[in-house]
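Content type CSV, C-alpha atoms, from the file my_file11.csv:
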```csv
chain,number,residue,atom,x,y,z
J,132,MET,CA,2.3,74.9,41.4
J,133,ASN,CA,3.5,78.0,43.0
J,134,ALA,CA,6.0,78.5,45.7
J,135,GLY,CA,4.2,81.6,47.0
J,136,VAL,CA,6.8,84.4,47.3
J,137,ASN,CA,6.0,88.0,48.3
J,138,ALA,CA,6.1,90.0,45.1
J,139,LYS,CA,7.7,92.9,46.9
J,140,SER,CA,10.3,91.0,48.9
J,141,GLY,CA,12.9,91.0,46.1
J,142,GLN,CA,13.2,87.2,46.1
J,143,LEU,CA,12.2,87.0,42.4
J,144,SER,CA,13.4,84.5,39.8
J,145,TYR,CA,14.0,85.7,36.3
J,146,ILE,CA,14.6,83.7,33.1
J,147,ASP,CA,18.3,84.5,33.1
J,148,THR,CA,19.0,83.5,36.8
J,149,PRO,CA,19.9,79.9,38.0
J,150,CYS,CA,16.9,77.7,38.6
J,151,GLN,CA,17.2,75.1,41.4
J,152,GLY,CA,17.1,71.6,40.1
J,153,LEU,CA,17.5,72.2,36.4
J,154,GLN,CA,21.1,70.9,36.7
J,155,SER,CA,19.8,67.3,37.1
J,156,TRP,CA,17.3,67.7,34.3
J,157,ALA,CA,19.8,69.2,31.9
J,158,ALA,CA,22.4,66.5,32.7
J,159,GLN,CA,20.0,63.7,32.2
J,160,LEU,CA,18.8,65.2,28.9
J,161,VAL,CA,22.3,65.6,27.6
J,162,ASP,CA,23.2,62.0,28.5
J,163,LEU,CA,19.9,60.6,27.0
J,164,ALA,CA,20.9,62.3,23.7
J,165,LYS,CA,24.5,61.2,24.0
J,166,HIS,CA,23.3,57.6,24.3
J,167,ARG,CA,21.5,58.1,21.0
J,168,GLY,CA,24.7,59.2,19.3
J,169,VAL,CA,24.4,63.0,19.6
J,170,HIS,CA,27.6,64.6,20.7
J,171,PRO,CA,27.2,66.8,23.9
J,172,ASP,CA,28.9,69.8,22.2
J,173,LYS,CA,26.1,69.9,19.6
J,174,LEU,CA,23.5,69.9,22.3
J,175,LEU,CA,25.2,72.6,24.4
J,176,LYS,CA,25.8,74.9,21.5
J,177,GLY,CA,24.7,78.4,22.4
J,178,THR,CA,24.1,77.6,26.1
J,179,LYS,CA,27.5,78.6,27.4
J,180,LEU,CA,27.5,75.3,29.2
J,181,PHE,CA,30.2,72.5,29.1
J,182,TYR,CA,29.7,68.8,29.4
J,183,GLN,CA,32.5,68.4,32.0
J,184,ASP,CA,30.7,70.8,34.3
J,185,PHE,CA,27.8,68.3,34.6
J,186,ALA,CA,30.2,65.5,35.5
J,187,ALA,CA,31.9,67.7,38.1
J,188,GLY,CA,28.5,68.8,39.5
J,189,THR,CA,29.4,72.5,39.0
J,190,ALA,CA,26.9,73.4,36.3
J,191,SER,CA,24.5,76.2,37.2
J,192,ILE,CA,21.5,76.2,34.8
J,193,THR,CA,19.2,79.1,34.1
J,194,VAL,CA,15.7,78.6,32.6
J,195,GLU,CA,16.9,80.3,29.4
J,196,GLN,CA,19.8,77.8,29.0
J,197,PHE,CA,17.5,74.9,29.6
J,198,TYR,CA,15.2,76.2,27.0
J,199,GLN,CA,18.1,76.6,24.5
J,200,LEU,CA,19.0,73.0,25.3
J,201,GLN,CA,15.5,71.9,24.4
J,202,GLU,CA,15.7,73.7,21.1
J,203,ASN,CA,19.0,72.0,20.3
J,204,CYS,CA,17.6,68.6,21.3
J,205,ARG,CA,14.6,69.0,19.0
J,206,GLN,CA,17.0,69.8,16.1
J,207,PHE,CA,19.0,66.6,16.5
J,208,ASP,CA,16.2,64.3,17.9
J,209,ASN,CA,14.8,62.9,14.7
J,210,GLN,CA,12.5,60.5,16.6
J,211,HIS,CA,11.2,63.1,19.0
J,212,GLN,CA,11.8,60.8,22.0
J,213,LEU,CA,13.9,62.9,24.3
J,214,SER,CA,11.1,65.1,25.8
J,215,PHE,CA,9.1,61.9,26.7
J,216,LEU,CA,12.2,60.0,28.0
J,217,LEU,CA,13.2,62.9,30.2
J,218,GLY,CA,9.7,63.3,31.5
J,219,ARG,CA,9.8,59.7,32.9
J,220,LYS,CA,13.0,60.5,34.8
J,221,LEU,CA,12.1,63.9,36.4
J,222,LEU,CA,11.9,62.4,39.9
J,223,ASN,CA,15.4,61.0,39.6
J,224,HIS,CA,17.7,62.7,42.2
J,225,ASN,CA,14.7,64.7,43.4
J,226,PRO,CA,13.7,64.9,47.1
J,227,LEU,CA,10.1,64.4,46.1
J,228,TYR,CA,10.7,60.8,45.0
J,229,SER,CA,10.4,59.2,48.4
J,230,ALA,CA,7.3,61.2,49.3
J,231,PHE,CA,5.7,60.3,45.9
J,232,SER,CA,6.4,56.6,46.5
J,233,GLN,CA,4.6,56.7,49.9
J,234,ALA,CA,1.7,59.1,49.0
J,235,GLU,CA,-1.8,57.8,49.8
J,236,SER,CA,-3.5,59.1,46.6
J,237,LEU,CA,-3.1,61.2,43.5
J,238,ARG,CA,-4.7,64.0,45.5
J,239,THR,CA,-1.7,63.8,48.0
J,240,LEU,CA,0.7,63.7,45.0
J,241,GLN,CA,-0.8,66.9,43.6
J,242,LYS,CA,-0.7,68.7,46.9
J,243,LEU,CA,3.0,67.6,47.3
J,244,LEU,CA,3.9,69.0,43.9
J,245,THR,CA,2.0,72.2,44.6
J,246,ARG,CA,3.5,72.9,48.0
J,247,SER,CA,7.0,71.8,47.3
J,248,PRO,CA,7.9,72.4,43.6
J,249,LEU,CA,11.4,71.3,44.1
J,250,HIS,CA,14.2,70.6,41.7
J,251,GLY,CA,12.8,72.1,38.5
J,252,PHE,CA,9.1,71.6,39.0
J,253,ASN,CA,8.6,75.3,39.6
J,254,LEU,CA,9.1,75.5,35.8
J,255,PHE,CA,5.4,74.6,35.7
J,256,ASN,CA,2.3,76.2,37.3
J,257,ALA,CA,-1.2,74.6,37.4
J,258,GLN,CA,-4.6,76.1,37.9
J,259,HIS,CA,-6.9,73.4,39.5
J,260,LYS,CA,-10.7,73.3,38.6
J,261,HIS,CA,-13.4,70.7,39.4
J,262,HIS,CA,-16.5,70.0,37.4
J,263,GLN,CA,-19.0,67.2,37.3
J,264,GLY,CA,-16.8,64.5,38.8
J,265,ARG,CA,-13.6,65.4,37.1
J,266,HIS,CA,-10.5,67.4,38.1
J,267,TYR,CA,-8.9,69.7,35.6
J,268,PHE,CA,-5.4,71.1,35.7
J,269,ILE,CA,-4.6,73.9,33.3
J,270,ILE,CA,-0.8,74.0,33.0
J,271,ASN,CA,1.4,77.1,32.2
J,272,LEU,CA,5.1,77.5,31.9
J,273,SER,CA,6.0,79.7,34.9
J,274,PHE,CA,8.8,81.4,33.0
J,275,GLY,CA,7.1,81.6,29.6
J,276,ALA,CA,8.4,80.1,26.4
J,277,MET,CA,10.8,81.5,23.9
J,278,SER,CA,9.2,79.6,20.9
J,279,ALA,CA,6.5,77.1,19.9
J,280,THR,CA,9.2,74.4,19.9
J,281,ILE,CA,9.9,75.0,23.5
J,282,GLU,CA,6.2,75.0,24.4
J,283,GLN,CA,5.7,71.7,22.7
J,284,PHE,CA,8.8,70.1,24.2
J,285,SER,CA,7.8,71.3,27.7
J,286,CYS,CA,4.2,70.0,27.2
J,287,GLU,CA,5.5,66.6,26.2
J,288,LEU,CA,8.0,66.6,29.1
J,289,PHE,CA,5.4,67.3,31.7
J,290,ALA,CA,2.7,65.1,30.2
J,291,SER,CA,5.2,62.2,30.2
J,292,PHE,CA,6.0,62.8,33.9
J,293,ILE,CA,2.3,62.8,34.8
J,294,ALA,CA,1.6,59.6,32.7
J,295,ALA,CA,4.7,57.8,34.2
J,296,THR,CA,3.7,58.8,37.7
J,297,CYS,CA,0.1,57.6,37.3
J,298,LYS,CA,1.2,54.3,35.7
J,299,TRP,CA,3.7,53.8,38.6
J,300,ARG,CA,1.2,54.5,41.4
J,301,ILE,CA,-2.2,53.4,40.1
J,302,GLY,CA,-1.2,51.0,37.4
J,303,ASN,CA,-2.9,52.5,34.3
J,304,ASN,CA,-3.6,55.7,32.5
J,305,SER,CA,-6.9,54.8,30.9
J,306,ASP,CA,-8.8,57.6,32.8
J,307,LEU,CA,-6.2,60.3,32.0
J,308,CYS,CA,-7.0,62.9,29.3
J,309,PHE,CA,-4.4,65.4,27.9
J,310,SER,CA,-5.3,68.5,25.9
J,311,PHE,CA,-2.5,70.1,23.9
J,312,PRO,CA,-2.4,73.6,22.5
J,313,TYR,CA,-1.0,72.7,19.1
J,314,PRO,CA,-2.0,70.5,16.1
J,315,GLU,CA,-1.5,66.7,16.2
J,316,PRO,CA,2.3,66.2,15.6
J,317,LYS,CA,3.8,63.9,13.0
J,318,HIS,CA,5.4,61.9,15.8
J,319,ILE,CA,2.0,60.9,17.3
J,320,GLU,CA,3.3,57.4,18.0
J,321,GLN,CA,5.4,58.8,20.8
J,322,TYR,CA,2.3,60.1,22.5
J,323,HIS,CA,0.6,56.7,22.2
J,324,THR,CA,3.6,54.8,23.4
J,325,ASN,CA,4.7,57.1,26.3
J,326,LEU,CA,1.4,58.5,27.6
J,327,GLN,CA,-1.0,55.6,26.9
J,328,ALA,CA,-3.9,58.0,27.6
J,329,SER,CA,-6.5,60.0,25.7
J,330,CYS,CA,-4.9,62.9,23.8
J,331,LYS,CA,-6.6,65.9,22.2
J,332,PHE,CA,-4.8,68.5,20.0
J,333,SER,CA,-5.5,72.0,18.8
J,334,GLN,CA,-7.2,72.7,22.2
J,335,GLN,CA,-6.0,76.2,22.8
J,336,LEU,CA,-4.6,75.3,26.3
J,337,PHE,CA,-2.5,72.6,27.9
J,338,MET,CA,-4.7,70.7,30.3
J,339,ILE,CA,-4.8,67.4,32.2
J,340,SER,CA,-8.0,65.9,33.6
J,341,ILE,CA,-8.8,62.8,35.7
J,342,SER,CA,-11.9,61.5,37.4
J,343,ASP,CA,-12.8,61.9,41.1
J,344,GLU,CA,-12.6,58.1,41.5
J,345,LEU,CA,-8.9,57.8,40.5
J,346,TYR,CA,-7.9,61.2,41.9
J,347,ASN,CA,-9.0,60.1,45.4
J,348,LYS,CA,-8.4,56.4,45.1
J,349,HIS,CA,-6.4,55.0,48.1
J,350,LEU,CA,-3.1,53.6,47.0
J,351,ILE,CA,-2.6,50.3,48.9
J,352,ASP,CA,1.2,50.5,48.7
J,353,SER,CA,1.3,53.8,50.6
J,354,CYS,CA,2.9,54.2,54.0
J,355,PRO,CA,1.8,57.3,56.0
J,356,SER,CA,4.6,57.1,58.5
J,357,LEU,CA,7.3,57.0,55.9
J,358,LEU,CA,5.5,59.8,54.0
J,359,GLN,CA,5.8,62.0,57.1
J,360,GLN,CA,9.5,61.2,57.3
J,361,SER,CA,9.9,62.3,53.7
J,362,LEU,CA,7.9,65.5,54.3
J,363,THR,CA,10.2,66.4,57.2
J,364,THR,CA,13.2,66.0,54.8
J,365,ILE,CA,11.5,68.0,52.1
J,366,GLN,CA,10.7,70.9,54.6
J,367,GLN,CA,14.5,71.2,55.2
J,368,GLN,CA,15.1,71.9,51.5
J,369,PRO,CA,15.2,75.5,50.4
J,370,VAL,CA,12.0,76.4,48.7
J,371,PRO,CA,12.6,77.8,45.2
J,372,ALA,CA,11.3,81.3,44.5
J,373,SER,CA,8.2,81.7,42.4
J,374,SER,CA,8.8,82.9,38.9
J,375,TRP,CA,8.3,86.6,38.5
J,376,LEU,CA,6.3,86.1,35.4
J,377,GLN,CA,3.9,83.8,37.3
J,378,LEU,CA,3.5,86.3,40.0
J,379,VAL,CA,2.5,88.9,37.4
J,380,ARG,CA,0.1,86.4,35.8
J,381,ASP,CA,-1.5,85.7,39.1
J,382,HIS,CA,-1.9,89.4,39.9
J,383,ILE,CA,-3.5,90.1,36.5
J,384,ALA,CA,-5.9,87.2,36.9
J,385,THR,CA,-6.9,88.5,40.3
J,386,HIS,CA,-7.1,92.1,39.3
J,387,PRO,CA,-8.2,92.0,35.6
J,388,GLN,CA,-9.1,95.7,35.5
J,389,HIS,CA,-5.6,96.9,36.6
J,390,SER,CA,-3.6,98.7,33.9
J,391,LEU,CA,0.0,98.1,33.0
J,392,GLU,CA,1.0,101.2,35.1
J,393,THR,CA,-1.0,99.9,38.1
J,394,VAL,CA,0.6,96.5,38.0
J,395,ALA,CA,4.1,97.9,37.4
J,396,HIS,CA,3.6,100.1,40.5
J,397,TYR,CA,2.5,97.0,42.5
J,398,PHE,CA,5.8,95.3,41.6
J,399,THR,CA,7.6,98.6,42.5
J,400,MET,CA,8.8,99.2,39.0
J,401,SER,CA,8.5,102.0,36.5
J,402,PRO,CA,6.3,101.1,33.5
J,403,ALA,CA,9.4,101.1,31.3
J,404,THR,CA,11.3,98.6,33.6
J,405,PHE,CA,8.2,96.5,33.8
J,406,LYS,CA,7.9,96.2,30.0
J,407,ARG,CA,11.6,95.4,29.8
J,408,LYS,CA,11.2,92.5,32.3
J,409,LEU,CA,8.3,91.2,30.3
J,410,LYS,CA,10.3,91.3,27.2
J,411,GLN,CA,13.0,89.2,28.9
J,412,HIS,CA,10.3,86.5,29.2
J,413,HIS,CA,9.3,87.0,25.5
J,414,THR,CA,5.9,88.4,26.3
J,415,ARG,CA,3.9,91.7,26.7
J,416,PHE,CA,1.3,92.8,29.2
J,417,SER,CA,-1.5,92.6,26.6
J,418,ALA,CA,-0.4,89.1,25.6
J,419,LEU,CA,-0.6,88.0,29.3
J,420,GLN,CA,-4.1,89.5,29.6
J,421,ASP,CA,-5.2,87.8,26.4
J,422,CYS,CA,-3.7,84.4,27.5
J,423,ILE,CA,-5.6,84.5,30.8
J,424,ASN,CA,-8.8,85.5,29.2
J,425,ARG,CA,-8.4,82.9,26.4
J,426,GLN,CA,-7.8,80.0,28.9
J,427,THR,CA,-10.8,81.0,31.0
J,428,ALA,CA,-13.1,81.5,27.9
J,429,VAL,CA,-12.0,78.2,26.3
J,430,PHE,CA,-12.4,76.2,29.5
J,431,ASN,CA,-15.8,77.7,30.4
J,432,ILE,CA,-17.2,77.0,26.9
J,433,THR,CA,-15.7,73.5,26.3
J,434,THR,CA,-16.1,72.2,29.9
J,435,LEU,CA,-18.7,74.3,31.7
J,436,ALA,CA,-20.8,74.9,28.6
J,437,GLN,CA,-21.3,78.5,29.5
J,438,THR,CA,-23.3,80.8,27.2
J,439,ASN,CA,-21.8,83.9,25.6
J,440,GLU,CA,-23.8,86.1,27.9
J,441,THR,CA,-22.6,84.5,31.1
J,442,LEU,CA,-18.9,84.3,29.9
J,443,ALA,CA,-18.9,87.9,28.7
J,444,GLY,CA,-20.1,89.1,32.1
J,445,GLU,CA,-17.5,87.0,33.9
J,446,LEU,CA,-14.8,88.5,31.8
J,447,ASN,CA,-16.2,92.1,32.3
J,448,PHE,CA,-17.5,92.6,28.8
J,449,SER,CA,-20.6,94.7,28.7
J,450,ASP,CA,-21.1,94.2,25.0
J,451,LEU,CA,-21.5,90.8,23.3
J,452,THR,CA,-20.1,92.1,20.0
J,453,ASN,CA,-16.9,93.2,21.7
J,454,PHE,CA,-16.7,89.9,23.5
J,455,ARG,CA,-17.0,87.9,20.3
J,456,ARG,CA,-14.4,90.1,18.6
J,457,ALA,CA,-12.0,89.6,21.5
J,458,PHE,CA,-12.6,85.9,21.6
J,459,LYS,CA,-11.7,85.6,17.9
J,460,ARG,CA,-8.5,87.6,18.5
J,461,TRP,CA,-7.6,85.2,21.4
J,462,THR,CA,-8.4,81.9,19.6
J,463,GLY,CA,-8.6,82.6,15.9
J,464,MET,CA,-12.3,81.5,15.9
J,465,THR,CA,-15.7,82.6,17.1
J,466,PRO,CA,-17.4,81.1,20.2
J,467,SER,CA,-19.9,79.4,17.7
J,468,ASN,CA,-17.0,77.9,15.8
J,469,LEU,CA,-15.6,76.4,19.0
J,470,ARG,CA,-18.9,74.9,20.0
J,471,GLY,CA,-19.2,73.5,16.5
J,472,GLN,CA,-15.9,71.8,16.8
J,473,LEU,CA,-17.0,70.2,20.1
J,474,LYS,CA,-20.1,68.8,18.4
J,475,SER,CA,-18.1,67.3,15.6
J,476,THR,CA,-15.6,65.4,17.9
```

Rewrite the coordinates I just gave you, this time as C-alpha cells.
Amino acid sequence: MNAGVNAKSGQLSYIDTPCQGLQSWAAQLVDLAKHRGVHPDKLLKGTKLFYQDFAAGTASITVEQFYQLQENCRQFDNQHQLSFLLGRKLLNHNPLYSAFSQAESLRTLQKLLTRSPLHGFNLFNAQHKHHQGRHYFIINLSFGAMSATIEQFSCELFASFIAATCKWRIGNNSDLCFSFPYPEPKHIEQYHTNLQASCKFSQQLFMISISDELYNKHLIDSCPSLLQQSLTTIQQQPVPASSWLQLVRDHIATHPQHSLETVAHYFTMSPATFKRKLKQHHTRFSALQDCINRQTAVFNITTLAQTNETLAGELNFSDLTNFRRAFKRWTGMTPSNLRGQLKST
C-alpha cells in the first residue's frame, strides 16, 4: 500500500509532519473513548492536541501524535476495545467508502487500497504474495512503531478494518486467517468477537491470508458504473506522500547488498543525517535489514516450506552456519525450532 513517490523529489513524509486523514481517525478514537467515560484531556495528554480543535475541524495530526494517542488509549481502555472499534470505522468520512461499496471483488478492494491509500491508510504498507491457492499480505507500519504497545494497537486496528470490510462485502470471515507478531493477549475475547476469523499468535510477522475463491468472488451487489464515478472522485483527491521509512525499506529490499552509506547517498543525505532520520522513526539501518530478512525467512519456511540451503542462497548467505546464526538473531530460534513449532500446531 504505497503511494509511490520519487525518493529524490523532496515530497517525503516524516513521523513528525501532518499525515492526511489522521484527523478523522483521531477524532473518532477520542469520541469512542469519551463515550466509555474517559475524559478527552486524559487521552490527549502529551499530544499537544486539544479536543475543541477536533470539533472545529482545525486539528492537524502527525503520525507521532496519533501513536501517542494510541498509547494513552491503551492505558485507560481496560477492556482493550478501542483499537477494534476504531478499525470498524476507518472508512467513515473517507473518499474510499463509496468505491468500496461498489467494488466487484476483494481483489478490486485490495487494488483500490493499494493505489489510493487515502485518509490515513498510508499508515500501513502491504507486501502481496500468492502460493497454492491463497493470497498472503504481509503488513508493515509505513512509519514504524514507537513501542510494542503501538504495534499491537495498530495490528488490531487494521485487522478489525479488514474483518469488518470482508463481513460487510462477502458476509463472513470464515476463510480469513490473521497472523500476529506477538503472544496471545489476555483480551483474546476481543479478537474472537471482532474478527470472527482464524488467529495465530507469536508468528514473527503481521500477515493476512485468504483463498483464491473468496479473493476473486464476484460480489453481486456491486455496480461498475457507480464504481467508475467513485474512482473519478478519488482521482481528484491529493495523493498522500509515501512514508520516507517505507521508501527506505523498499530500497533495502530491492538492493540488499547496499551499505548504509550507499543508501544514504541514494536519498541525497550524509550518513549522519540518514542515521538521524532513522532514529526519528525509532529504528536503525541494521534493524531494517534484519526485519526484511526475518519476514522473508519466516514466510518462506512456514508457507513455502523452503530448505535452509534454498533460503540461505536467496538471502545471499554463502555459508549455512552464518545463515542459522543470523536466523536465530532475527527470530530468537533456529530454523529447525520454527519447523518444529509448525509440526506441533

Practice item. For Asp352 in chain J, work out the shell of residues within 8 Å, counting all atoms listed in the file and skipping chain neighbours fewer than 2 positions away, then give it as a ChimeraX atom specification. Key: /J:233,235,350,354

**Message:** For Ile301 in chain J, find every residue with an atom within 9 Å (counting all atoms listed in the file), except residues of its own chain fewer than 6 positions away, and show them as a PyMOL selection string.
**Reply:** chain J and resi 236-237+345+348+350

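Coordinates place CA of Glu202 in chain J at a distance of 6.6 Å from CA of Thr280 in chain J.
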
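Distance annotation: of J:Gln327, J:Glu445, J:Ile383, J:Tyr198, the residue with the minimal separation from Ser278 in chain J is J:Tyr198; atom set is all atoms listed in the file.
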
Determine, using only C-alpha atoms, which residues of range 166-237 of chain J have any atom at most 12 Å from an atom of range 155-158 of chain J, and tabulate each with its shortest atom pair and distance in Å to one decimal place, rows ordered by chain and then rising number, as JSON lines.
```
{"residue": "J:Pro171", "atom": "CA", "partner": "J:Ala158", "partner_atom": "CA", "distance": 10.0}
{"residue": "J:Leu174", "atom": "CA", "partner": "J:Ala157", "partner_atom": "CA", "distance": 10.3}
{"residue": "J:Leu175", "atom": "CA", "partner": "J:Ala157", "partner_atom": "CA", "distance": 9.8}
{"residue": "J:Thr178", "atom": "CA", "partner": "J:Ala157", "partner_atom": "CA", "distance": 11.1}
{"residue": "J:Leu180", "atom": "CA", "partner": "J:Ala157", "partner_atom": "CA", "distance": 10.2}
{"residue": "J:Phe181", "atom": "CA", "partner": "J:Ala158", "partner_atom": "CA", "distance": 10.5}
{"residue": "J:Tyr182", "atom": "CA", "partner": "J:Ala158", "partner_atom": "CA", "distance": 8.3}
{"residue": "J:Gln183", "atom": "CA", "partner": "J:Ala158", "partner_atom": "CA", "distance": 10.3}
{"residue": "J:Asp184", "atom": "CA", "partner": "J:Ala158", "partner_atom": "CA", "distance": 9.5}
{"residue": "J:Phe185", "atom": "CA", "partner": "J:Ala158", "partner_atom": "CA", "distance": 6.0}
{"residue": "J:Ala186", "atom": "CA", "partner": "J:Ala158", "partner_atom": "CA", "distance": 8.3}
{"residue": "J:Ala187", "atom": "CA", "partner": "J:Ala158", "partner_atom": "CA", "distance": 11.0}
{"residue": "J:Gly188", "atom": "CA", "partner": "J:Ser155", "partner_atom": "CA", "distance": 9.1}
{"residue": "J:Thr189", "atom": "CA", "partner": "J:Ser155", "partner_atom": "CA", "distance": 11.1}
{"residue": "J:Ala190", "atom": "CA", "partner": "J:Ala158", "partner_atom": "CA", "distance": 9.0}
{"residue": "J:Ser191", "atom": "CA", "partner": "J:Ala157", "partner_atom": "CA", "distance": 10.0}
{"residue": "J:Ile192", "atom": "CA", "partner": "J:Ala157", "partner_atom": "CA", "distance": 7.8}
{"residue": "J:Thr193", "atom": "CA", "partner": "J:Ala157", "partner_atom": "CA", "distance": 10.2}
{"residue": "J:Val194", "atom": "CA", "partner": "J:Ala157", "partner_atom": "CA", "distance": 10.3}
{"residue": "J:Glu195", "atom": "CA", "partner": "J:Ala157", "partner_atom": "CA", "distance": 11.7}
{"residue": "J:Gln196", "atom": "CA", "partner": "J:Ala157", "partner_atom": "CA", "distance": 9.1}
{"residue": "J:Phe197", "atom": "CA", "partner": "J:Ala157", "partner_atom": "CA", "distance": 6.6}
{"residue": "J:Tyr198", "atom": "CA", "partner": "J:Ala157", "partner_atom": "CA", "distance": 9.7}
{"residue": "J:Gln199", "atom": "CA", "partner": "J:Ala157", "partner_atom": "CA", "distance": 10.6}
{"residue": "J:Leu200", "atom": "CA", "partner": "J:Ala157", "partner_atom": "CA", "distance": 7.7}
{"residue": "J:Gln201", "atom": "CA", "partner": "J:Ala157", "partner_atom": "CA", "distance": 9.1}
{"residue": "J:Asn203", "atom": "CA", "partner": "J:Ala157", "partner_atom": "CA", "distance": 12.0}
{"residue": "J:Cys204", "atom": "CA", "partner": "J:Ala157", "partner_atom": "CA", "distance": 10.8}
{"residue": "J:Leu213", "atom": "CA", "partner": "J:Ala157", "partner_atom": "CA", "distance": 11.5}
{"residue": "J:Ser214", "atom": "CA", "partner": "J:Trp156", "partner_atom": "CA", "distance": 10.8}
{"residue": "J:Leu216", "atom": "CA", "partner": "J:Trp156", "partner_atom": "CA", "distance": 11.2}
{"residue": "J:Leu217", "atom": "CA", "partner": "J:Trp156", "partner_atom": "CA", "distance": 7.5}
{"residue": "J:Gly218", "atom": "CA", "partner": "J:Trp156", "partner_atom": "CA", "distance": 9.2}
{"residue": "J:Arg219", "atom": "CA", "partner": "J:Trp156", "partner_atom": "CA", "distance": 11.1}
{"residue": "J:Lys220", "atom": "CA", "partner": "J:Trp156", "partner_atom": "CA", "distance": 8.4}
{"residue": "J:Leu221", "atom": "CA", "partner": "J:Trp156", "partner_atom": "CA", "distance": 6.8}
{"residue": "J:Leu222", "atom": "CA", "partner": "J:Trp156", "partner_atom": "CA", "distance": 9.4}
{"residue": "J:Asn223", "atom": "CA", "partner": "J:Ser155", "partner_atom": "CA", "distance": 8.1}
{"residue": "J:His224", "atom": "CA", "partner": "J:Ser155", "partner_atom": "CA", "distance": 7.2}
{"residue": "J:Asn225", "atom": "CA", "partner": "J:Ser155", "partner_atom": "CA", "distance": 8.5}
{"residue": "J:Pro226", "atom": "CA", "partner": "J:Ser155", "partner_atom": "CA", "distance": 12.0}
```

One decimal place gives the CA of Arg300 in chain J-CA of Tyr313 in chain J separation as 28.9 Å

At a cut-off of 10 Å, can you tabulate as a Markdown table every residue of range 262-305 of chain J near range 423-441 of chain J together with its closest atom pair and the distance in Å to one decimal, using only C-alpha atoms and ordering rows by chain then number?
```
| residue | atom | partner | partner_atom | distance |
| --- | --- | --- | --- | --- |
| J:His262 | CA | J:Leu435 | CA | 7.5 |
| J:Gln263 | CA | J:Leu435 | CA | 9.0 |
| J:Tyr267 | CA | J:Thr434 | CA | 9.5 |
| J:Ile269 | CA | J:Gln426 | CA | 8.2 |
```

Name the residues in contact with Ile270 in chain J at a cut-off of 6 Å, using all atoms listed in the file, excluding same-chain residues fewer than 5 positions from it; report them as a list in words. Asn256, Ala257, Phe337 and Met338 of chain J

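Straight-line separation from CA of His211 in chain J to CA of Gln321 in chain J: 7.4 Å.
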
Counting only C-alpha atoms, write as a ChimeraX atom specification all protein and nucleic acid residues lying at most 8 Å from (-18.9, 85.7, 18.5) in the file's frame.
-> /J:439,451-452,454-456,458-459,465-467

List every protein, DNA or RNA residue that has at least one atom no more than 12 Å from (-14.3, 66.7, 36.8) in the file's coordinates, counting only C-alpha atoms, and write the result as a count of residues only. 23

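If you measure from each of J:Ser291, J:Ser247, J:Ser229, J:Thr239 to Gln368 in chain J using only C-alpha atoms, the closest one turns out to be J:Ser247.
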
Using only C-alpha atoms, determine which residues lie at most 7 Å from range 330-334 of chain J, disregarding the query and same-chain residues fewer than 3 positions distant; provide the list as a compact mmCIF listing (two decimals) with C-alpha atoms, in the coordinates of the input.
```txt
# COMPACT_ATOMS: atom_id res chain seq x y z
CA CYS J 308 -7.00 62.90 29.30
CA PHE J 309 -4.40 65.40 27.90
CA SER J 310 -5.30 68.50 25.90
CA PHE J 311 -2.50 70.10 23.90
CA PRO J 312 -2.40 73.60 22.50
CA TYR J 313 -1.00 72.70 19.10
CA PRO J 314 -2.00 70.50 16.10
CA GLU J 315 -1.50 66.70 16.20
```

Applying 10 Å and only C-alpha atoms, which residues near Phe215 in chain J remain after dropping the ones on its own chain fewer than 5 positions away? List them as a list of chain:residue names. J:Lys220, J:Phe284, J:Ser285, J:Cys286, J:Glu287, J:Leu288, J:Phe289, J:Ala290, J:Ser291, J:Phe292, J:Ala294, J:Ala295, J:Gln321, J:Tyr322, J:Thr324, J:Asn325, J:Leu326

Show me, as AutoDock Vina command-line options, the centre and edge lengths in Å to one decimal of the axis-aligned box that covers every listed atom of range 416-420 of chain J with 6 Å on each side.
```
--center_x -1.4 --center_y 90.4 --center_z 27.6 --size_x 17.4 --size_y 16.8 --size_z 16.0
```

In terms of all atoms listed in the file, the residue from J:Leu243, J:Cys297, J:Gln367, J:Gln335 at minimal distance from Leu469 in chain J is J:Gln335
